[in-house]
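Structure file protein_0.cif with mmCIF, C-alpha atoms and all ligand atoms:
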data_data
loop_
_atom_site.label_atom_id
_atom_site.label_comp_id
_atom_site.auth_asym_id
_atom_site.auth_seq_id
_atom_site.Cartn_x
_atom_site.Cartn_y
_atom_site.Cartn_z
CA MET V 1 124.15 175.82 191.28
CA GLN V 2 124.86 173.39 188.50
CA GLY V 3 121.85 173.53 186.21
CA PRO V 4 119.87 170.30 186.25
CA PHE V 5 119.44 168.75 182.79
CA GLY V 6 116.33 166.79 181.88
CA GLY V 7 116.08 164.07 179.25
CA GLY V 8 119.01 161.88 180.25
CA LEU V 9 121.66 164.61 180.20
CA SER V 10 122.27 164.73 183.96
CA SER V 11 124.63 162.30 185.67
CA VAL V 12 125.35 161.18 189.21
CA LYS V 13 129.03 161.94 188.64
CA LEU V 14 128.37 165.55 187.61
CA THR V 15 125.88 166.25 190.40
CA SER V 16 128.15 164.77 193.07
CA THR V 17 131.33 166.41 191.74
CA VAL V 18 129.72 169.85 191.97
CA SER V 19 128.17 169.23 195.40
CA ASN V 20 131.40 167.76 196.80
CA MET V 21 133.29 170.88 195.68
CA GLY V 22 130.92 173.27 197.47
CA GLY V 23 128.42 174.00 194.70
CA LEU V 24 124.90 172.66 194.55
CA GLY V 25 124.82 169.80 192.08
CA GLY V 26 121.52 169.27 190.28
CA TYR V 27 119.86 166.27 188.64
CA GLY V 28 117.04 166.72 186.09
CA ALA V 29 114.50 163.92 186.52
CA TYR V 30 111.42 165.00 184.58
CA THR V 31 111.51 162.13 182.07
CA MET V 32 112.23 159.46 184.69
CA SER V 33 109.97 156.87 186.28
CA PRO V 34 109.56 156.98 190.08
CA ASP V 35 111.65 153.80 190.46
CA ASP V 36 114.48 155.29 188.42
CA ILE V 37 114.43 158.47 190.52
CA TYR V 38 114.68 156.42 193.75
CA GLU V 39 117.63 154.56 192.23
CA VAL V 40 119.46 157.69 191.08
CA ASP V 41 118.90 159.28 194.46
CA LYS V 42 120.48 156.25 196.16
CA GLN V 43 123.44 156.53 193.81
CA ILE V 44 123.90 160.25 194.54
CA LYS V 45 123.68 159.67 198.30
CA ALA V 46 126.36 156.98 197.98
CA VAL V 47 128.88 159.47 196.56
CA THR V 48 128.10 162.70 198.39
CA ASP V 49 126.86 163.69 201.83
CA LYS V 50 126.47 167.29 200.68
CA PRO V 51 123.19 168.96 199.66
CA TYR V 52 122.00 168.49 196.07
CA ASN V 53 118.98 169.44 193.98
CA ILE V 54 116.48 167.24 192.16
CA ASN V 55 114.51 168.94 189.36
CA LEU V 56 111.10 168.19 187.84
CA TRP V 57 108.70 169.85 185.40
CA VAL V 58 105.37 170.64 187.06
CA SER V 59 103.72 170.66 183.64
CA ASP V 60 104.95 167.89 181.39
CA THR V 61 102.50 167.90 178.48
CA ASP V 62 100.71 170.45 176.28
CA ALA V 63 98.41 167.92 174.56
CA PRO V 64 94.84 167.95 175.89
CA GLY V 65 94.44 164.56 177.59
CA GLY V 66 97.95 163.75 176.41
CA ALA V 67 96.66 162.88 172.92
CA ILE V 68 96.74 164.33 169.40
CA THR V 69 94.11 164.19 166.66
CA ASP V 70 94.54 162.41 163.33
CA THR V 71 94.63 165.81 161.62
CA GLN V 72 97.54 166.94 163.80
CA TYR V 73 99.38 163.73 163.03
CA GLU V 74 98.79 164.11 159.24
CA GLN V 75 100.04 167.72 159.31
CA ALA V 76 103.20 166.78 161.17
CA LYS V 77 103.83 163.86 158.81
CA GLN V 78 103.50 166.09 155.78
CA LEU V 79 105.86 168.71 157.19
CA PHE V 80 108.57 166.28 158.29
CA GLN V 81 108.31 163.75 155.44
CA PRO V 82 111.29 165.18 153.48
CA TYR V 83 113.59 164.73 156.50
CA PHE V 84 112.51 161.13 157.10
CA GLU V 85 113.05 160.49 153.36
CA GLU V 86 116.48 162.09 153.51
CA ALA V 87 117.40 159.80 156.42
CA GLY V 88 115.94 156.83 154.51
CA ILE V 89 113.55 155.79 157.28
CA PRO V 90 109.75 155.42 157.33
CA LEU V 91 107.48 157.98 158.97
CA PRO V 92 106.61 156.90 162.51
CA GLU V 93 103.22 155.68 163.74
CA LYS V 94 100.94 158.17 165.47
CA PRO V 95 102.45 158.68 168.95
CA ALA V 96 100.47 156.97 171.73
CA PRO V 97 98.81 159.33 174.25
CA PHE V 98 101.19 160.66 176.89
CA LYS V 99 100.30 160.23 180.54
CA SER V 100 101.68 162.91 182.84
CA ARG V 101 104.29 161.55 185.24
CA PHE V 102 104.49 164.55 187.55
CA GLU V 103 102.15 163.43 190.38
CA ASN V 104 104.04 160.18 190.88
CA GLN V 105 107.41 161.89 190.59
CA LEU V 106 106.38 164.44 193.24
CA GLN V 107 105.62 161.60 195.64
CA VAL V 108 109.22 160.44 195.21
CA ILE V 109 110.48 163.92 196.12
CA MET V 110 108.42 163.78 199.35
CA ASP V 111 109.98 160.37 200.11
CA ILE V 112 113.62 161.02 199.29
CA ARG V 113 113.61 164.59 200.69
CA PRO V 114 116.46 166.20 198.74
CA LYS V 115 117.67 169.37 200.51
CA VAL V 116 116.60 171.29 197.39
CA PHE V 117 113.80 170.62 194.91
CA SER V 118 113.74 172.89 191.87
CA PHE V 119 111.03 172.87 189.25
CA MET V 120 110.02 174.65 186.10
CA PHE V 121 106.93 175.39 183.99
CA GLY V 122 104.66 176.67 186.75
CA THR V 123 103.79 177.03 190.40
CA LEU V 124 102.63 174.34 192.83
CA PRO V 125 99.41 174.40 194.87
CA GLN V 126 99.43 175.62 198.49
CA ASP V 127 99.01 172.16 200.06
CA VAL V 128 101.95 170.75 198.09
CA MET V 129 104.14 173.70 199.05
CA GLU V 130 103.23 173.21 202.71
CA GLN V 131 104.01 169.49 202.57
CA LEU V 132 107.39 170.16 200.93
CA GLY V 133 108.15 172.73 203.65
CA LYS V 134 107.19 170.26 206.41
CA HIS V 135 109.60 167.74 204.90
CA GLY V 136 112.41 170.32 205.16
CA ILE V 137 112.77 170.60 201.37
CA ARG V 138 113.80 174.00 199.98
CA THR V 139 111.83 174.89 196.84
CA VAL V 140 113.17 176.73 193.79
CA GLY V 141 110.91 177.86 190.93
CA ALA V 142 111.96 179.25 187.54
CA ALA V 143 110.74 182.58 186.11
CA THR V 144 111.22 184.06 182.64
CA THR V 145 109.31 187.28 183.39
CA LEU V 146 108.70 189.55 186.38
CA ASP V 147 105.05 188.39 186.47
CA GLU V 148 106.17 184.78 186.82
CA ALA V 149 108.59 185.71 189.63
CA ILE V 150 105.78 187.50 191.49
CA ALA V 151 103.48 184.48 191.03
CA LEU V 152 106.22 182.15 192.31
CA GLU V 153 106.86 184.31 195.37
CA ALA V 154 103.11 184.41 196.12
CA SER V 155 102.98 180.60 195.84
CA GLY V 156 105.51 180.32 198.66
CA VAL V 157 108.72 179.17 196.93
CA ASP V 158 111.94 179.77 198.89
CA ILE V 159 114.06 180.90 195.93
CA ILE V 160 113.51 182.07 192.35
CA ILE V 161 115.62 181.31 189.27
CA ALA V 162 115.71 184.29 186.90
CA SER V 163 116.03 182.36 183.64
CA GLY V 164 117.28 184.62 180.86
CA PHE V 165 116.73 183.80 177.22
CA GLU V 166 120.47 183.27 176.62
CA ALA V 167 120.18 179.96 178.47
CA GLY V 168 120.45 176.55 176.87
CA GLY V 169 117.52 174.14 177.03
CA HIS V 170 113.79 174.75 177.25
CA ARG V 171 112.33 178.12 178.18
CA PRO V 172 110.37 177.54 181.40
CA SER V 173 107.69 180.19 180.69
CA PHE V 174 104.27 179.50 182.19
CA LEU V 175 102.18 182.71 182.13
CA ALA V 176 102.72 184.29 178.69
CA PRO V 177 103.89 182.27 175.66
CA ALA V 178 107.65 181.64 175.75
CA GLU V 179 108.12 183.65 172.52
CA GLN V 180 106.79 186.72 174.37
CA SER V 181 108.95 186.12 177.44
CA THR V 182 112.42 186.54 175.98
CA ILE V 183 114.20 188.75 178.50
CA GLY V 184 117.98 188.67 178.97
CA THR V 185 119.37 187.37 182.27
CA PHE V 186 120.80 190.66 183.54
CA VAL V 187 117.63 192.67 182.88
CA LEU V 188 115.36 189.96 184.29
CA LEU V 189 117.54 189.64 187.39
CA GLN V 190 117.35 193.37 188.12
CA LEU V 191 113.58 193.55 187.52
CA ILE V 192 112.96 190.65 189.88
CA LYS V 193 115.38 191.88 192.57
CA ASP V 194 113.57 195.21 192.52
CA LYS V 195 110.13 193.71 193.23
CA VAL V 196 110.63 190.41 195.01
CA LYS V 197 111.95 189.81 198.55
CA ILE V 198 113.10 186.19 198.41
CA PRO V 199 116.56 185.21 197.05
CA VAL V 200 117.08 185.23 193.28
CA ILE V 201 119.43 183.01 191.28
CA ALA V 202 120.62 184.27 187.90
CA ALA V 203 120.64 181.67 185.09
CA GLY V 204 121.53 182.06 181.43
CA GLY V 205 124.77 183.07 179.78
CA ILE V 206 126.98 182.62 182.86
CA ALA V 207 130.02 180.36 182.41
CA THR V 208 132.98 182.07 184.10
CA GLY V 209 133.94 183.76 187.37
CA ARG V 210 133.52 187.10 185.61
CA GLY V 211 129.96 186.17 184.71
CA ILE V 212 129.27 185.11 188.30
CA ALA V 213 130.79 188.31 189.67
CA GLY V 214 128.69 190.35 187.22
CA ALA V 215 125.50 188.63 188.36
CA LEU V 216 126.38 189.01 192.04
CA THR V 217 127.15 192.70 191.47
CA LEU V 218 123.70 193.14 189.95
CA GLY V 219 122.13 191.65 193.06
CA ALA V 220 121.94 187.93 192.38
CA ASP V 221 122.08 185.77 195.50
CA ALA V 222 123.58 182.91 193.49
CA VAL V 223 123.92 181.75 189.90
CA GLN V 224 122.90 178.62 188.03
CA ILE V 225 125.25 177.44 185.28
CA GLY V 226 124.06 174.95 182.68
CA THR V 227 125.80 174.88 179.30
CA ALA V 228 129.34 175.05 180.79
CA PHE V 229 128.63 171.91 182.87
CA LEU V 230 126.78 170.17 180.03
CA ALA V 231 130.00 170.44 177.99
CA THR V 232 132.09 168.59 180.60
CA ASP V 233 132.96 164.90 180.28
CA GLU V 234 130.93 164.13 183.40
CA SER V 235 127.57 165.21 181.92
CA GLY V 236 125.20 162.76 180.30
CA ALA V 237 125.57 164.43 176.87
CA LEU V 238 126.81 162.32 173.95
CA PRO V 239 130.49 162.84 173.04
CA THR V 240 129.35 164.40 169.73
CA HIS V 241 127.12 166.84 171.62
CA ARG V 242 130.00 167.88 173.88
CA GLN V 243 132.31 168.30 170.86
CA MET V 244 129.69 170.44 169.13
CA LEU V 245 129.58 172.76 172.16
CA PHE V 246 133.32 173.38 171.75
CA SER V 247 133.10 173.76 167.95
CA ASP V 248 132.49 176.80 165.75
CA ALA V 249 128.93 175.56 165.24
CA ALA V 250 128.16 176.71 168.80
CA ARG V 251 128.55 180.34 167.72
CA TYR V 252 125.03 180.07 166.37
CA THR V 253 122.18 179.06 168.64
CA SER V 254 118.46 179.56 168.20
CA LEU V 255 115.18 179.12 169.98
CA THR V 256 112.91 176.59 168.29
CA ARG V 257 109.84 174.44 168.97
CA ALA V 258 110.71 172.07 166.11
CA PHE V 259 112.21 169.26 168.18
CA SER V 260 109.97 168.95 171.23
CA GLY V 261 106.94 171.20 170.73
CA ARG V 262 108.15 173.59 173.45
CA LEU V 263 110.53 176.48 172.87
CA GLY V 264 114.16 175.70 173.66
CA ARG V 265 117.67 176.87 172.78
CA GLY V 266 120.22 174.72 171.05
CA ILE V 267 122.88 174.93 168.36
CA THR V 268 121.17 176.15 165.20
CA SER V 269 120.07 173.24 163.02
CA ARG V 270 118.82 173.13 159.45
CA ILE V 271 115.44 171.79 160.56
CA ALA V 272 114.96 174.66 163.04
CA MET V 273 115.73 177.20 160.30
CA ASP V 274 113.67 175.52 157.54
CA LEU V 275 110.59 175.16 159.71
CA SER V 276 110.57 178.51 161.44
CA GLY V 277 107.03 179.91 161.06
CA LYS V 278 105.50 176.43 160.61
CA GLU V 279 104.93 175.85 164.34
CA LYS V 280 101.20 175.18 163.84
CA SER V 281 102.09 171.84 162.23
CA PHE V 282 104.34 170.69 165.08
CA LEU V 283 102.89 168.28 167.62
CA PRO V 284 102.36 169.47 171.19
CA PHE V 285 104.99 168.71 173.82
CA PRO V 286 106.18 166.00 174.40
CA LEU V 287 104.63 164.15 171.44
CA GLN V 288 106.79 166.07 168.98
CA THR V 289 109.85 164.53 170.70
CA THR V 290 108.29 161.06 170.46
CA PHE V 291 107.42 161.62 166.79
CA LEU V 292 110.96 162.76 165.91
CA SER V 293 112.90 160.26 168.01
CA PRO V 294 113.52 157.80 165.10
CA LEU V 295 114.76 160.71 162.97
CA ARG V 296 117.13 161.82 165.73
CA LYS V 297 118.48 158.29 166.05
CA ALA V 298 118.98 157.92 162.29
CA ALA V 299 120.54 161.39 161.91
CA LEU V 300 123.01 160.65 164.72
CA GLU V 301 123.93 157.30 163.15
CA GLN V 302 124.40 158.92 159.73
CA GLN V 303 126.22 161.93 161.22
CA LYS V 304 123.71 164.32 159.70
CA TRP V 305 124.41 166.84 162.47
CA ASP V 306 122.31 169.61 160.93
CA MET V 307 119.19 167.51 161.51
CA VAL V 308 119.89 167.04 165.24
CA LEU V 309 119.19 169.54 167.98
CA PHE V 310 122.23 169.80 170.24
CA TRP V 311 120.97 171.74 173.25
CA GLY V 312 123.16 174.61 174.38
CA GLY V 313 123.16 178.29 175.35
CA GLN V 314 124.56 181.40 173.73
CA VAL V 315 127.63 181.41 175.98
CA ALA V 316 129.10 178.17 174.54
CA PRO V 317 131.86 179.79 172.40
CA ILE V 318 133.79 180.93 175.50
CA LEU V 319 133.81 177.53 177.23
CA LYS V 320 137.25 176.25 178.21
CA HIS V 321 136.90 173.29 180.55
CA ASN V 322 135.93 169.73 179.79
CA LYS V 323 136.35 168.44 183.34
CA ALA V 324 133.71 169.42 185.89
CA ALA V 325 136.21 169.69 188.76
CA LYS V 326 138.47 172.01 186.74
CA LEU V 327 135.47 174.15 185.80
CA MET V 328 134.40 174.38 189.45
CA GLU V 329 137.94 175.26 190.55
CA SER V 330 138.21 177.99 187.95
CA LEU V 331 134.75 179.42 188.77
CA ILE V 332 135.57 179.59 192.49
CA LYS V 333 139.05 181.03 191.96
CA GLU V 334 138.05 183.68 189.43
CA THR V 335 134.94 184.79 191.32
CA THR V 336 136.92 185.07 194.57
CA GLN V 337 139.68 187.09 192.89
CA ILE V 338 137.19 189.56 191.44
CA MET V 339 134.89 189.87 194.45
CA ASN V 340 137.64 189.90 197.13
CA PRO V 341 140.66 191.51 195.44
C1 LIG X 1 120.38 170.50 177.81
C2 LIG X 1 119.74 171.29 178.88
C3 LIG X 1 118.70 170.71 179.60
C4 LIG X 1 118.09 171.42 180.64
N1 LIG X 1 117.09 170.84 181.35
C5 LIG X 1 116.54 171.50 182.40
C6 LIG X 1 115.54 170.87 183.20
O1 LIG X 1 115.10 169.74 182.97
N2 LIG X 1 115.06 171.58 184.26
C7 LIG X 1 115.49 172.85 184.56
O2 LIG X 1 115.03 173.44 185.54
N3 LIG X 1 116.43 173.46 183.80
C8 LIG X 1 116.96 172.81 182.75
N4 LIG X 1 117.93 173.42 181.99
C9 LIG X 1 118.35 174.80 182.32
C10 LIG X 1 119.60 174.80 183.20
O3 LIG X 1 119.31 174.18 184.43
C11 LIG X 1 120.12 176.23 183.45
O4 LIG X 1 119.16 177.04 184.07
C12 LIG X 1 120.56 176.90 182.16
O5 LIG X 1 121.29 175.99 181.37
C13 LIG X 1 121.39 178.12 182.46
O6 LIG X 1 121.79 178.78 181.30
P1 LIG X 1 123.18 178.49 180.52
O7 LIG X 1 122.90 177.27 179.70
O8 LIG X 1 123.40 179.70 179.68
O9 LIG X 1 124.24 178.26 181.55
C14 LIG X 1 118.54 172.74 180.95
C15 LIG X 1 119.59 173.30 180.22
C16 LIG X 1 120.20 172.60 179.19
C17 LIG X 1 121.33 173.23 178.46
#
Please re-express this file's structure in structure tokens.
Ligand SMILES: Cc1cc2nc3c(=O)[nH]c(=O)nc-3n(C[C@H](O)[C@H](O)[C@H](O)COP(=O)(O)O)c2cc1C
Amino acid sequence: MQGPFGGGLSSVKLTSTVSNMGGLGGYGAYTMSPDDIYEVDKQIKAVTDKPYNINLWVSDTDAPGGAITDTQYEQAKQLFQPYFEEAGIPLPEKPAPFKSRFENQLQVIMDIRPKVFSFMFGTLPQDVMEQLGKHGIRTVGAATTLDEAIALEASGVDIIIASGFEAGGHRPSFLAPAEQSTIGTFVLLQLIKDKVKIPVIAAGGIATGRGIAGALTLGADAVQIGTAFLATDESGALPTHRQMLFSDAARYTSLTRAFSGRLGRGITSRIAMDLSGKEKSFLPFPLQTTFLSPLRKAALEQQKWDMVLFWGGQVAPILKHNKAAKLMESLIKETTQIMNP
């Protein structure tokens, strides 16, 4: 599986390239409006007749009622003021309340019926799972702990992603706090395989045929690869982001809540380091992203890379391919050579 990327980093070209070559392409749609998801789905269907996966976040805000208090806003302003000053831009207005999009997005999934629907940040209620099943949609839920995998299996998902903490992007934890759910892919995979009967997909730190073969040897039924596909020209990542993934900077990644309010892994930035331990003054997801979006824009324009979070996983320094088709070819060839010598 090609890992779906939320927040505008997926592309029709990447999803279809992977699906057309025998993988399962994925498209991350959690920030999109229903109309935009219908449109993207049409575009994918126009370029592949193979199965693909659409991904959503079942929980898309941590702010009660989607809003923050004036005190929260003042605290965040105080903490981030020096960075806005450094970029020479004013502090933003208090972010408007966020209205969850998930219910409406889920309706689109029922309508467009992708072969596979993967989701993160929780489980879905029984009636929704039954409806998805009746529509012939395979469901895939993400776990960062054994407890989450057991909860997902009990909820009726078809497949579980074992998401190790090496992975790029947000940590999809939903039972314990993400900081307490930092298990490596290969341990998590084995724990889940030992206790759960449904298929398990290993995700996090896999970028080569050797990595795939290692995961399969440990019992994985498939793998999901994110960072290696994010770094290809076909992804929706900015050229600078893709260059960063191939640069020495990618040797250092860290988990931080500083940029979105939820814990995620990206190339280590100065802001993430400076503000470690100050999480209480960050805004809840996704209002922290809204609050920081002018700073991100200004930092990108001014090439202040250490103030930008470039998402990526720990495996980035061994990446070799910047074309999705070449990456797929190499993954298939190397895995086959190792597994069927
Ligand atoms: C930039 C970025 C965005 C991501 N967005 C999502 C998402 O919206 N939904 C999801 O299920 N997984 C998301 N992921 C996780 C990937 O689908 C995949 O599980 C992960 O990247 C695998 O680990 P790796 O990066 O070490 O290959 C994202 C990963 C990255 C790097």
Between CA of Leu24 (chain V) and CA of Asp49 (chain V) - distance in Å to one decimal: 11.7 Å
Need the neighbours of (105.5, 172.6, 160.8): which residues are at most 12 Å away, counting only C-alpha atoms, as a ChimeraX atom specification? /V:72-82,256-261,271-284,288
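Atom pair CA of Ile192 (chain V) / CA of Asp147 (chain V) has a distance of 8.9 Å (rounded to one decimal).
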So how far away is CA of Leu146 (chain V) from CA of Asp194 (chain V), in Å? 9.7 Å
Within 6 Å of ligand LIG 1 (chain X) (all atoms listed in the file), residues as a PDB file with C-alpha atoms, in the frame of the given file:
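As written to disk, part.pdb reads:
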ATOM      1  CA  GLY V   3     121.850 173.530 186.210  1.00  0.00           C
ATOM      2  CA  PRO V   4     119.870 170.300 186.250  1.00  0.00           C
ATOM      3  CA  PHE V   5     119.440 168.750 182.790  1.00  0.00           C
ATOM      4  CA  GLY V   6     116.330 166.790 181.880  1.00  0.00           C
ATOM      5  CA  GLY V  28     117.040 166.720 186.090  1.00  0.00           C
ATOM      6  CA  ASN V  55     114.510 168.940 189.360  1.00  0.00           C
ATOM      7  CA  PHE V 119     111.030 172.870 189.250  1.00  0.00           C
ATOM      8  CA  MET V 120     110.020 174.650 186.100  1.00  0.00           C
ATOM      9  CA  GLU V 166     120.470 183.270 176.620  1.00  0.00           C
ATOM     10  CA  ALA V 167     120.180 179.960 178.470  1.00  0.00           C
ATOM     11  CA  GLY V 168     120.450 176.550 176.870  1.00  0.00           C
ATOM     12  CA  GLY V 169     117.520 174.140 177.030  1.00  0.00           C
ATOM     13  CA  ALA V 203     120.640 181.670 185.090  1.00  0.00           C
ATOM     14  CA  GLY V 204     121.530 182.060 181.430  1.00  0.00           C
ATOM     15  CA  GLY V 205     124.770 183.070 179.780  1.00  0.00           C
ATOM     16  CA  ILE V 206     126.980 182.620 182.860  1.00  0.00           C
ATOM     17  CA  GLN V 224     122.900 178.620 188.030  1.00  0.00           C
ATOM     18  CA  ILE V 225     125.250 177.440 185.280  1.00  0.00           C
ATOM     19  CA  GLY V 226     124.060 174.950 182.680  1.00  0.00           C
ATOM     20  CA  THR V 227     125.800 174.880 179.300  1.00  0.00           C
ATOM     21  CA  TRP V 311     120.970 171.740 173.250  1.00  0.00           C
ATOM     22  CA  GLY V 312     123.160 174.610 174.380  1.00  0.00           C
ATOM     23  CA  GLY V 313     123.160 178.290 175.350  1.00  0.00           C
ATOM     24  CA  VAL V 315     127.630 181.410 175.980  1.00  0.00           C
TER      25      VAL V 315
END
Could you check the closest approach to Leu230 (chain V) for each of V:Leu56, V:Ile212, V:Leu319, V:Val157 and tell me which residue wins, using all atoms listed in the file?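 Closest to Leu230 (chain V) of all the choices is V:Leu319.
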Box for region 222-240 of chain V: with edges along x, y and z, all listed atoms inside and 4 Å added on each side, what are the centre and edge lengths in Å to one decimal, as AutoDock Vina command-line options?
--center_x 127.9 --center_y 172.6 --center_z 181.6 --size_x 18.1 --size_y 28.6 --size_z 31.8
I'd like to know which of V:Leu245, V:Leu309, V:Leu287, V:Ala162 is closest to Ala231 (chain V), using only C-alpha atoms.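 Under the stated criterion, the closest residue is V:Leu245.
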Which polymer residues have any atom within 12 Å of an atom of Leu124 (chain V), counting only C-alpha atoms, with same-chain residues fewer than 6 positions away left out, as a ChimeraX atom specification? /V:56-59,102-103,106,117-118,130-132,139-142,151-157,174
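Within 9 Å of the point (126.0, 166.3, 177.9), counting all atoms listed in the file, the protein and nucleic acid residues come to Phe5, Gly8, Leu9, Ser10, Ser11, Thr227, Phe229, Leu230, Ala231, Thr232, Asp233, Glu234, Ser235, Gly236, Ala237, Leu238, Pro239, His241, Arg242 and Trp311 of chain V.
Every protein or nucleic acid residue with an atom no more than 9 Å from Ser100 (chain V), counting all atoms listed in the file and leaving out same-chain residues fewer than 6 positions away, appears here: Ser59, Asp60, Thr61 and Gly66 of chain V.
Remark: for Pro114 (chain V), the closest of the candidate residues V:Phe98, V:Ala87, V:Asp62, V:Asp41 is V:Asp41 (distances computed over all atoms listed in the file).
Considering only C-alpha atoms, the residue among V:Thr240, V:Thr31, V:Thr71, V:Thr15 positioned nearest to Ile44 (chain V) is V:Thr15.
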Excluding Met21 (chain V) and its own-chain neighbours fewer than 5 positions away, which residues fall within 10 Å of it when counting all atoms listed in the file? Please give them as a PDB file with C-alpha atoms, keeping the file's coordinate frame.
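What ended up in result_34.pdb:
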ATOM      1  CA  SER V  16     128.150 164.770 193.070  1.00  0.00           C
ATOM      2  CA  LYS V  50     126.470 167.290 200.680  1.00  0.00           C
ATOM      3  CA  ALA V 324     133.710 169.420 185.890  1.00  0.00           C
ATOM      4  CA  ALA V 325     136.210 169.690 188.760  1.00  0.00           C
ATOM      5  CA  MET V 328     134.400 174.380 189.450  1.00  0.00           C
ATOM      6  CA  GLU V 329     137.940 175.260 190.550  1.00  0.00           C
ATOM      7  CA  ILE V 332     135.570 179.590 192.490  1.00  0.00           C
TER       8      ILE V 332
END
With distances taken over only C-alpha atoms, which residue among V:Ser19, V:Gln243, V:Thr123, V:Ser254 lies nearest Glu179 (chain V)? V:Ser254
